[in-house]
>>> print(open('protein.txt').read())   # compact mmCIF, C-alpha atoms
# COMPACT_ATOMS: atom_id res chain seq x y z
CA MET A 14 -119.66 27.82 68.50
CA GLY A 15 -120.42 31.31 69.86
CA GLN A 16 -123.58 33.38 70.08
CA ARG A 17 -123.37 34.53 66.46
CA SER A 18 -123.31 30.95 65.11
CA MET A 19 -126.20 29.88 67.35
CA LYS A 20 -128.42 32.66 65.97
CA ARG A 21 -127.82 31.72 62.34
CA PRO A 22 -129.01 28.22 61.31
CA PRO A 23 -127.15 26.30 58.59
CA LYS A 24 -127.99 26.77 54.94
CA HIS A 25 -131.46 25.54 53.83
CA VAL A 26 -132.76 25.52 57.44
CA GLN A 27 -135.93 27.42 58.37
CA GLY A 28 -137.34 27.68 61.86
CA PHE A 29 -140.40 28.97 63.66
CA VAL A 30 -142.06 28.81 67.08
CA ASP A 31 -145.30 26.83 67.08
CA ARG A 32 -148.46 27.73 69.02
CA TYR A 33 -147.19 25.81 72.03
CA GLY A 34 -144.04 27.91 72.20
CA LYS A 35 -141.75 25.16 70.87
CA ALA A 36 -139.05 26.01 68.35
CA ARG A 37 -139.24 23.83 65.26
CA PHE A 38 -136.71 23.60 62.44
CA TYR A 39 -136.97 22.14 58.95
CA PHE A 40 -134.59 21.41 56.12
CA ARG A 41 -136.13 23.22 53.12
CA ARG A 42 -134.19 23.05 49.89
CA PRO A 43 -135.74 24.13 46.58
CA GLY A 44 -136.99 21.10 44.68
CA TYR A 45 -136.69 18.80 47.72
CA LYS A 46 -139.13 17.53 50.31
CA ARG A 47 -139.31 19.31 53.66
CA ILE A 48 -137.58 17.34 56.44
CA PRO A 49 -137.99 18.04 60.19
CA LEU A 50 -134.76 18.42 62.20
CA PRO A 51 -134.47 17.50 65.90
CA GLY A 52 -133.16 19.76 68.68
CA LEU A 53 -131.47 23.12 68.19
CA PRO A 54 -129.17 24.24 65.35
CA TRP A 55 -125.54 23.14 65.73
CA SER A 56 -126.30 20.52 68.38
CA PRO A 57 -124.91 17.01 67.62
CA SER A 58 -128.35 15.46 66.96
CA PHE A 59 -129.40 18.43 64.82
CA MET A 60 -126.21 18.37 62.73
CA ALA A 61 -126.39 14.59 62.22
CA ALA A 62 -129.93 14.94 60.83
CA TYR A 63 -128.95 18.03 58.83
CA GLU A 64 -126.02 16.24 57.18
CA ALA A 65 -128.24 13.28 56.34
CA ALA A 66 -130.85 15.59 54.80
CA LEU A 67 -128.21 17.56 52.90
CA ASN A 68 -126.70 14.41 51.40
CA GLY A 69 -129.79 12.34 50.82
CA ALA A 70 -133.00 14.37 50.77
CA PRO A 71 -135.26 12.87 48.08
CA ALA A 72 -135.96 15.38 45.35
CA VAL A 73 -139.49 16.26 44.31
CA GLU A 74 -139.76 14.76 40.85
CA ILE A 75 -140.51 17.41 38.23
CA GLY A 76 -143.04 16.22 35.70
CA ALA A 77 -144.27 13.34 37.84
CA SER A 78 -147.87 14.30 37.09
CA ARG A 79 -147.22 13.82 33.35
CA THR A 80 -145.96 10.24 33.55
CA VAL A 81 -147.99 7.39 32.09
CA SER A 82 -149.07 4.91 34.74
CA GLY A 83 -147.33 1.54 34.55
CA THR A 84 -144.32 2.72 32.55
CA VAL A 85 -140.75 2.41 33.78
CA ASN A 86 -140.71 6.19 34.13
CA ALA A 87 -143.80 6.23 36.35
CA VAL A 88 -142.62 3.32 38.48
CA ILE A 89 -139.25 4.99 39.13
CA VAL A 90 -141.02 8.20 40.15
CA GLY A 91 -143.19 6.24 42.56
CA TYR A 92 -140.22 4.31 43.92
CA TYR A 93 -138.39 7.54 44.80
CA SER A 94 -141.22 8.57 47.15
CA HIS A 95 -141.81 5.12 48.68
CA PRO A 96 -140.58 3.89 52.13
CA LEU A 97 -138.50 1.21 50.35
CA TRP A 98 -136.42 4.02 48.86
CA ASP A 99 -136.37 6.09 52.05
CA ALA A 100 -134.95 3.09 53.94
CA LEU A 101 -131.77 3.16 51.81
CA GLN A 102 -128.69 5.01 53.02
CA PRO A 103 -127.82 8.29 51.21
CA THR A 104 -124.74 6.79 49.57
CA THR A 105 -126.77 3.82 48.34
CA GLN A 106 -129.49 6.13 47.06
CA SER A 107 -126.93 8.17 45.14
CA MET A 108 -125.44 5.10 43.46
CA ARG A 109 -128.80 3.54 42.65
CA ARG A 110 -130.32 6.79 41.42
CA ALA A 111 -127.56 7.05 38.82
CA ILE A 112 -128.34 3.52 37.61
CA LEU A 113 -132.10 4.06 37.61
CA GLU A 114 -131.79 7.30 35.66
CA ARG A 115 -129.79 5.50 32.96
CA PHE A 116 -132.40 2.74 32.95
CA ARG A 117 -135.15 5.38 32.68
CA ALA A 118 -133.38 7.16 29.81
CA GLN A 119 -133.19 3.90 27.84
CA HIS A 120 -136.56 2.33 28.70
CA GLY A 121 -138.70 4.99 30.39
CA ASP A 122 -141.62 4.78 27.96
CA LYS A 123 -141.88 0.97 28.16
CA ARG A 124 -144.30 -0.78 30.51
CA ILE A 125 -142.66 -2.37 33.54
CA ALA A 126 -145.03 -5.34 33.21
CA THR A 127 -143.34 -6.34 29.94
CA LEU A 128 -139.88 -6.68 31.50
CA GLU A 129 -138.79 -10.34 31.30
CA LYS A 130 -135.94 -12.37 32.71
CA ARG A 131 -134.21 -12.44 29.31
CA HIS A 132 -134.24 -8.63 29.24
CA VAL A 133 -132.58 -8.47 32.66
CA GLU A 134 -129.95 -11.01 31.59
CA ASP A 135 -129.32 -9.06 28.40
CA ILE A 136 -128.71 -5.82 30.34
CA LEU A 137 -126.37 -7.51 32.83
CA GLY A 138 -124.52 -9.42 30.13
CA LYS A 139 -123.15 -6.19 28.70
CA LEU A 140 -121.65 -5.08 32.02
CA LYS A 141 -118.50 -5.94 33.92
CA PRO A 142 -118.96 -8.10 37.06
CA PHE A 143 -118.96 -5.33 39.70
CA ALA A 144 -121.22 -3.08 37.61
CA ALA A 145 -123.58 -5.99 36.89
CA LYS A 146 -123.84 -6.77 40.60
CA ASN A 147 -124.83 -3.16 41.39
CA TRP A 148 -127.32 -3.04 38.50
CA LEU A 149 -128.98 -6.27 39.66
CA LYS A 150 -129.35 -5.01 43.23
CA THR A 151 -130.80 -1.75 41.94
CA LEU A 152 -133.26 -3.43 39.58
CA ARG A 153 -134.40 -5.80 42.32
CA GLY A 154 -135.13 -2.85 44.58
CA LEU A 155 -137.20 -1.22 41.84
CA LEU A 156 -139.01 -4.45 41.01
CA LYS A 157 -139.77 -5.11 44.68
CA TYR A 158 -141.58 -1.78 44.71
CA ALA A 159 -143.29 -2.56 41.37
CA VAL A 160 -144.69 -5.81 42.79
CA ALA A 161 -145.76 -4.13 46.05
CA ALA A 162 -147.50 -1.37 44.06
CA ARG A 163 -149.17 -4.01 41.82
CA HIS A 164 -147.56 -2.79 38.62
CA ARG A 165 -146.61 -6.40 37.95
CA GLY A 166 -147.18 -9.78 39.59
CA SER A 167 -143.64 -11.08 40.10
CA ASP A 168 -139.96 -10.18 39.98
CA PRO A 169 -138.38 -11.30 36.67
CA SER A 170 -134.90 -10.96 38.17
CA GLU A 171 -135.44 -13.94 40.48
CA GLY A 172 -132.91 -16.64 39.67
CA VAL A 173 -130.72 -14.27 37.67
CA LYS A 174 -127.08 -14.52 38.69
CA THR A 175 -124.08 -12.40 37.85
CA THR A 176 -120.51 -13.50 37.25
CA LYS A 177 -118.51 -13.41 40.46
CA PRO A 178 -115.84 -10.70 40.39
CA ARG A 179 -112.29 -11.94 40.72
CA LYS A 180 -111.17 -11.88 44.34
CA SER A 181 -108.88 -9.02 45.24
CA ASP A 182 -107.40 -7.62 48.43
CA GLY A 183 -108.52 -4.19 47.23
CA PHE A 184 -106.70 -1.18 48.63
CA LEU A 185 -103.27 -1.97 50.00
CA THR A 186 -102.80 -1.83 53.77
CA TRP A 187 -100.25 0.74 54.92
CA SER A 188 -97.28 -0.56 56.90
CA GLU A 189 -96.04 1.11 60.08
CA ASP A 190 -92.92 2.20 58.19
CA GLN A 191 -95.03 3.92 55.53
CA ILE A 192 -97.09 5.71 58.17
CA ALA A 193 -93.87 6.90 59.84
CA GLU A 194 -92.46 8.07 56.49
CA TYR A 195 -95.62 10.07 55.74
CA ARG A 196 -95.36 11.71 59.18
CA ARG A 197 -91.76 12.66 58.51
CA ARG A 198 -92.83 14.27 55.24
CA TYR A 199 -95.76 16.25 56.68
CA LYS A 200 -95.33 17.99 60.02
CA LEU A 201 -97.91 18.73 62.70
CA GLY A 202 -99.95 21.83 61.97
CA THR A 203 -100.46 20.98 58.29
CA ARG A 204 -103.67 19.82 56.67
CA ALA A 205 -101.78 16.90 55.13
CA ARG A 206 -100.72 15.60 58.54
CA LEU A 207 -104.19 16.08 60.04
CA ALA A 208 -105.68 14.08 57.17
CA LEU A 209 -103.51 11.07 57.98
CA GLU A 210 -104.11 11.30 61.75
CA LEU A 211 -107.87 11.43 61.23
CA LEU A 212 -107.78 8.40 58.96
CA ILE A 213 -105.48 6.22 61.06
CA GLY A 214 -106.68 7.55 64.42
CA THR A 215 -110.39 7.01 63.84
CA GLY A 216 -110.18 4.18 61.30
CA GLN A 217 -113.20 5.58 59.50
CA ALA A 218 -113.88 5.84 55.76
CA ARG A 219 -113.03 9.03 53.90
CA GLY A 220 -116.74 9.89 53.54
CA ASP A 221 -117.01 10.01 57.34
CA VAL A 222 -113.65 11.66 58.00
CA VAL A 223 -114.57 14.69 55.86
CA ARG A 224 -117.72 15.20 57.98
CA MET A 225 -115.92 15.19 61.34
CA GLY A 226 -115.73 18.42 63.31
CA ARG A 227 -115.51 19.73 66.84
CA GLN A 228 -119.27 19.28 67.27
CA HIS A 229 -118.65 15.52 67.13
CA VAL A 230 -116.21 15.51 70.07
CA ARG A 231 -117.22 15.69 73.71
CA ASP A 232 -115.11 14.79 76.75
CA GLY A 233 -112.47 13.19 74.57
CA VAL A 234 -114.93 10.93 72.72
CA LEU A 235 -115.76 11.30 69.02
CA SER A 236 -119.36 10.36 68.18
CA ILE A 237 -120.59 10.05 64.60
CA ARG A 238 -122.88 7.89 62.48
CA ARG A 239 -121.33 6.16 59.51
CA LYS A 240 -122.70 7.64 56.32
CA LYS A 241 -122.77 4.29 54.52
CA THR A 242 -124.48 2.14 57.17
CA ASN A 243 -125.95 4.71 59.61
CA VAL A 244 -124.26 2.76 62.42
CA PRO A 245 -123.33 4.96 65.42
CA VAL A 246 -119.63 5.01 66.29
CA GLU A 247 -118.24 6.31 69.58
CA ILE A 248 -114.46 6.16 69.92
CA PRO A 249 -111.88 7.92 72.10
CA VAL A 250 -109.71 10.58 70.47
CA LEU A 251 -106.28 8.94 70.55
CA PRO A 252 -103.25 11.01 71.71
CA GLU A 253 -101.63 11.30 68.26
CA LEU A 254 -104.89 12.56 66.74
CA GLN A 255 -105.43 15.02 69.60
CA GLU A 256 -101.89 16.34 69.12
CA ALA A 257 -102.59 16.91 65.43
CA LEU A 258 -105.88 18.69 66.18
CA ASP A 259 -104.26 20.93 68.78
CA ALA A 260 -101.50 21.90 66.33
CA MET A 261 -103.96 23.29 63.76
CA PRO A 262 -104.77 27.02 63.58
CA PRO A 263 -108.06 28.12 65.25
CA SER A 264 -111.05 27.60 62.97
CA GLU A 265 -114.81 28.20 63.06
CA HIS A 266 -115.50 25.64 60.32
CA LEU A 267 -117.85 22.73 61.00
CA THR A 268 -115.30 20.22 59.72
CA PHE A 269 -111.70 19.60 60.74
CA LEU A 270 -110.64 19.32 57.10
CA THR A 271 -111.42 22.10 54.61
CA THR A 272 -110.51 22.91 51.04
CA ALA A 273 -108.18 25.75 50.11
CA GLY A 274 -111.33 27.86 49.71
CA GLY A 275 -112.47 27.10 53.27
CA LYS A 276 -115.27 24.69 52.34
CA SER A 277 -115.93 21.13 53.45
CA PHE A 278 -114.58 18.34 51.25
CA THR A 279 -116.63 15.82 49.34
CA ALA A 280 -115.47 12.24 49.84
CA ALA A 281 -114.19 12.07 46.25
CA GLY A 282 -112.47 15.46 46.48
CA PHE A 283 -110.67 14.48 49.66
CA GLY A 284 -109.69 11.14 48.14
CA ASN A 285 -108.09 12.92 45.18
CA LEU A 286 -106.24 15.36 47.46
CA PHE A 287 -104.93 12.58 49.69
CA ARG A 288 -103.73 10.59 46.67
CA ASP A 289 -101.77 13.67 45.54
CA LEU A 290 -100.29 14.02 49.04
CA CYS A 291 -99.28 10.36 48.96
CA ASN A 292 -97.61 10.85 45.58
CA GLU A 293 -95.65 13.82 46.91
CA ALA A 294 -94.57 11.74 49.93
CA GLY A 295 -93.31 8.99 47.63
CA MET A 296 -95.97 6.42 48.55
CA PRO A 297 -96.29 3.62 45.93
CA LYS A 298 -99.36 3.38 43.75
CA GLY A 299 -102.24 1.56 45.45
CA TYR A 300 -101.76 3.09 48.90
CA ALA A 301 -104.65 5.47 49.52
CA ALA A 302 -107.06 6.65 52.21
CA HIS A 303 -108.89 3.34 52.59
CA GLY A 304 -105.59 1.56 53.13
CA LEU A 305 -105.21 3.52 56.38
CA ARG A 306 -108.60 2.24 57.56
CA LYS A 307 -107.28 -1.27 56.97
CA ALA A 308 -104.03 -0.39 58.75
CA ALA A 309 -106.01 0.86 61.76
CA ALA A 310 -108.02 -2.39 61.88
CA THR A 311 -104.79 -4.37 61.67
CA ARG A 312 -103.34 -2.38 64.57
CA HIS A 313 -106.35 -3.03 66.77
CA ALA A 314 -106.46 -6.73 65.92
CA ASN A 315 -102.75 -7.14 66.61
CA ALA A 316 -103.28 -5.42 69.97
CA GLY A 317 -105.78 -8.15 70.89
CA ALA A 318 -109.13 -6.57 69.97
CA THR A 319 -111.99 -9.04 69.59
CA ALA A 320 -114.18 -9.22 66.51
CA HIS A 321 -117.04 -7.46 68.32
CA GLU A 322 -114.71 -4.74 69.56
CA LEU A 323 -113.58 -4.15 65.98
CA MET A 324 -117.21 -3.99 64.83
CA ALA A 325 -117.94 -1.30 67.44
CA TRP A 326 -114.87 0.79 66.57
CA PHE A 327 -115.12 0.61 62.78
CA GLY A 328 -118.91 0.59 62.46
CA TRP A 329 -119.13 -2.73 60.65
CA THR A 330 -122.48 -4.51 60.57
CA SER A 331 -121.06 -7.93 59.67
CA ILE A 332 -118.74 -9.91 61.92
CA ARG A 333 -117.12 -11.47 58.85
CA GLU A 334 -115.25 -8.25 58.09
CA ALA A 335 -113.92 -8.06 61.66
CA GLU A 336 -112.93 -11.73 61.71
CA ARG A 337 -110.67 -11.23 58.69
CA TYR A 338 -108.41 -9.14 60.92
CA THR A 339 -108.71 -11.15 64.15
CA LYS A 340 -107.96 -14.44 62.38
CA ARG A 341 -104.95 -12.92 60.64
CA ALA A 342 -103.68 -11.57 63.97
CA ASP A 343 -104.28 -14.94 65.66
CA ARG A 344 -102.28 -16.74 62.97
CA ALA A 345 -99.40 -14.30 63.40
CA ARG A 346 -99.40 -14.76 67.19
CA LEU A 347 -99.50 -18.54 66.86
CA ALA A 348 -96.62 -18.50 64.39
CA LEU A 349 -94.51 -16.32 66.70
CA GLY A 350 -95.36 -18.58 69.60
CA MET A 351 -94.22 -21.60 67.63
CA VAL A 352 -90.92 -19.89 66.79
CA THR A 353 -90.31 -19.31 70.52
CA LYS A 354 -91.05 -22.95 71.33
CA LEU A 355 -88.69 -24.16 68.62
CA ARG A 356 -85.89 -21.93 69.88
CA THR A 357 -86.34 -23.04 73.48
CA GLY A 358 -86.84 -26.69 72.59
CA THR A 359 -90.30 -26.86 74.16
CA ALA A 360 -92.23 -27.62 70.99
CA SER A 361 -94.06 -30.93 71.08
CA VAL A 362 -93.30 -33.30 68.21
CA LYS A 363 -95.54 -36.25 67.40
CA PRO A 364 -93.68 -39.59 67.19
CA SER A 365 -93.39 -41.00 63.66
>>> encode(input="protein.txt", output="structure tokens")
Amino acid sequence: MGQRSMKRPPKHVQGFVDRYGKARFYFRRPGYKRIPLPGLPWSPSFMAAYEAALNGAPAVEIGASRTVSGTVNAVIVGYYSHPLWDALQPTTQSMRRAILERFRAQHGDKRIATLEKRHVEDILGKLKPFAAKNWLKTLRGLLKYAVAARHRGSDPSEGVKTTKPRKSDGFLTWSEDQIAEYRRRYKLGTRARLALELLIGTGQARGDVVRMGRQHVRDGVLSIRRKKTNVPVEIPVLPELQEALDAMPPSEHLTFLTTAGGKSFTAAGFGNLFRDLCNEAGMPKGYAAHGLRKAAATRHANAGATAHELMAWFGWTSIREAERYTKRADRARLALGMVTKLRTGTASVKPS
């Protein structure tokens, strides 16, 4: 990174040398709690902790001292500073904070002890299935804290169920022909091409791709923790991705992908840009960034990767997600094998 970069810590970082001669660094952002950072600025461990603090540092609640004990408002304030909240991933905190703040705006002055099962069902009944599912998870997290802090004796959401969302395959998986067509449209050395190679080459979600930079690569291996699950991922930089990285102009930015103004992307901002790039390349509606993650998983499964190998590469915590791809690949291989047997006359047929 150069001597100049090493002397200047990232934004919101303050450092000092303690009485034992050890350099210590803290993330200090106005209105947020102070968070210690490991190692030295710009090192992989330091930047991983810095990014986590930047995206998920719990804010110091203004006006917390003026809340009335036992109210929804007071319980939410207490929840934000409790280990149950700290244990959540930054992306989960962001989603649940938005829900809790709406809940606080509507019911903040009411006592949490008066919340009943019928109230929970009434709130969820006005929401669509996916939204109801997220609200219920969020309320249960808050109520778990409320019970632990003795603001109430039990969780009124127990036994409450939401309507199951209709099953969907979600984002469409890119075909090899579509990937090739996109590459023909965007040449090496362009940000558009690098975006695709990062997505298909690493198989990571857009929220992780926008965080990737040269500090995450050492000896041909890219190491990063998934933002959503905090699972560490260590994967080799594949030749096509390395070719795309080498073709880009020299840059001192911390991320491979930057906006036109030279700043790092947000996950949503990058998603919007990539959708526009797909439109310009003539990709049908429904094919987006996450579809390339699914295409990468399909590639690995078709190449013979096991479920556990897929879990390691893609950072999944559940084997069920990996088995969706391995089972699909196994069925395809079995079907092709059966075609070969039929053509060669070696297929076994049970007597009637």
>>> residues_around(input="protein.txt", residues="Ile237 of chain A", least_positions_apart="5", cutoff="7 Å", atoms="only C-alpha atoms", output="count of residues only")
4
>>> atom_distance(input="protein.txt", atom1="atom CA of Lys276 of chain A", atom2="atom CA of Ala294 of chain A")
24.5 Å
>>> closest_residue(input="protein.txt", among="A:Arg197, A:Arg37, A:Arg163, A:Arg117", to="Gly295 of chain A", atoms="only C-alpha atoms")
A:Arg197
>>> residues_around(input="protein.txt", residues="Cys291 of chain A", least_positions_apart="3", cutoff="12 Å", atoms="only C-alpha atoms", output="list of chain:residue names")
A:Trp187, A:Gln191, A:Ile192, A:Glu194, A:Tyr195, A:Arg196, A:Arg198, A:Tyr199, A:Ala205, A:Arg206, A:Ala208, A:Leu209, A:Gly284, A:Asn285, A:Leu286, A:Phe287, A:Arg288, A:Ala294, A:Gly295, A:Met296, A:Pro297, A:Lys298, A:Gly299, A:Tyr300, A:Ala301, A:Ala302, A:Gly304, A:Leu305
>>> closest_residue(input="protein.txt", among="A:Leu235, A:Val173, A:Leu113, A:Ala100", to="Trp148 of chain A", atoms="all atoms listed in the file")
A:Leu113
>>> atom_distance(input="protein.txt", atom1="atom CA of Lys157 of chain A", atom2="atom CA of Arg115 of chain A")
18.7 Å
>>> atom_distance(input="protein.txt", atom1="atom CA of Ala257 of chain A", atom2="atom CA of Val244 of chain A")
26.1 Å
>>> closest_residue(input="protein.txt", among="A:His321, A:Arg204, A:Val222, A:Arg42", to="Gly275 of chain A", atoms="all atoms listed in the file")
A:Arg204
>>> residues_near_point(input="protein.txt", point="(-144.5, 3.7, 43.9)", cutoff="9 Å", atoms="all atoms listed in the file", output="VMD selection string")
chain A and resid 87 to 95 158 to 159 161 to 162 164
>>> residues_around(input="protein.txt", residues="segment 333-348 of chain A", least_positions_apart="2", cutoff="8 Å", atoms="all atoms listed in the file", output="list in words")
Ala310, Thr311, Ala314, Asn315, Gly317, Ala318, Thr319, Ala320, His321, Leu323, Met324, Trp329, Ser331, Gly350, Met351 and Val352 of chain A
>>> residues_around(input="protein.txt", residues="Thr215 of chain A", least_positions_apart="2", cutoff="8 Å", atoms="only C-alpha atoms", output="JSON, numbers by chain")
{"A": [210, 211, 212, 213, 217, 248, 250, 309]}
>>> closest_residue(input="protein.txt", among="A:Phe29, A:Val234, A:His266, A:Gln228", to="Ser58 of chain A", atoms="all atoms listed in the file")
A:Gln228
>>> closest_residue(input="protein.txt", among="A:Asn68, A:Gln27, A:Thr279, A:Thr186", to="Pro54 of chain A", atoms="only C-alpha atoms")
A:Gln27
>>> residues_around(input="protein.txt", residues="segment 120-136 of chain A", least_positions_apart="3", cutoff="7 Å", atoms="all atoms listed in the file", output="list in words")
Gly83, Thr84, Val85, Asn86, Phe116, Arg117, Lys139, His164, Arg165, Pro169, Ser170 and Val173 of chain A
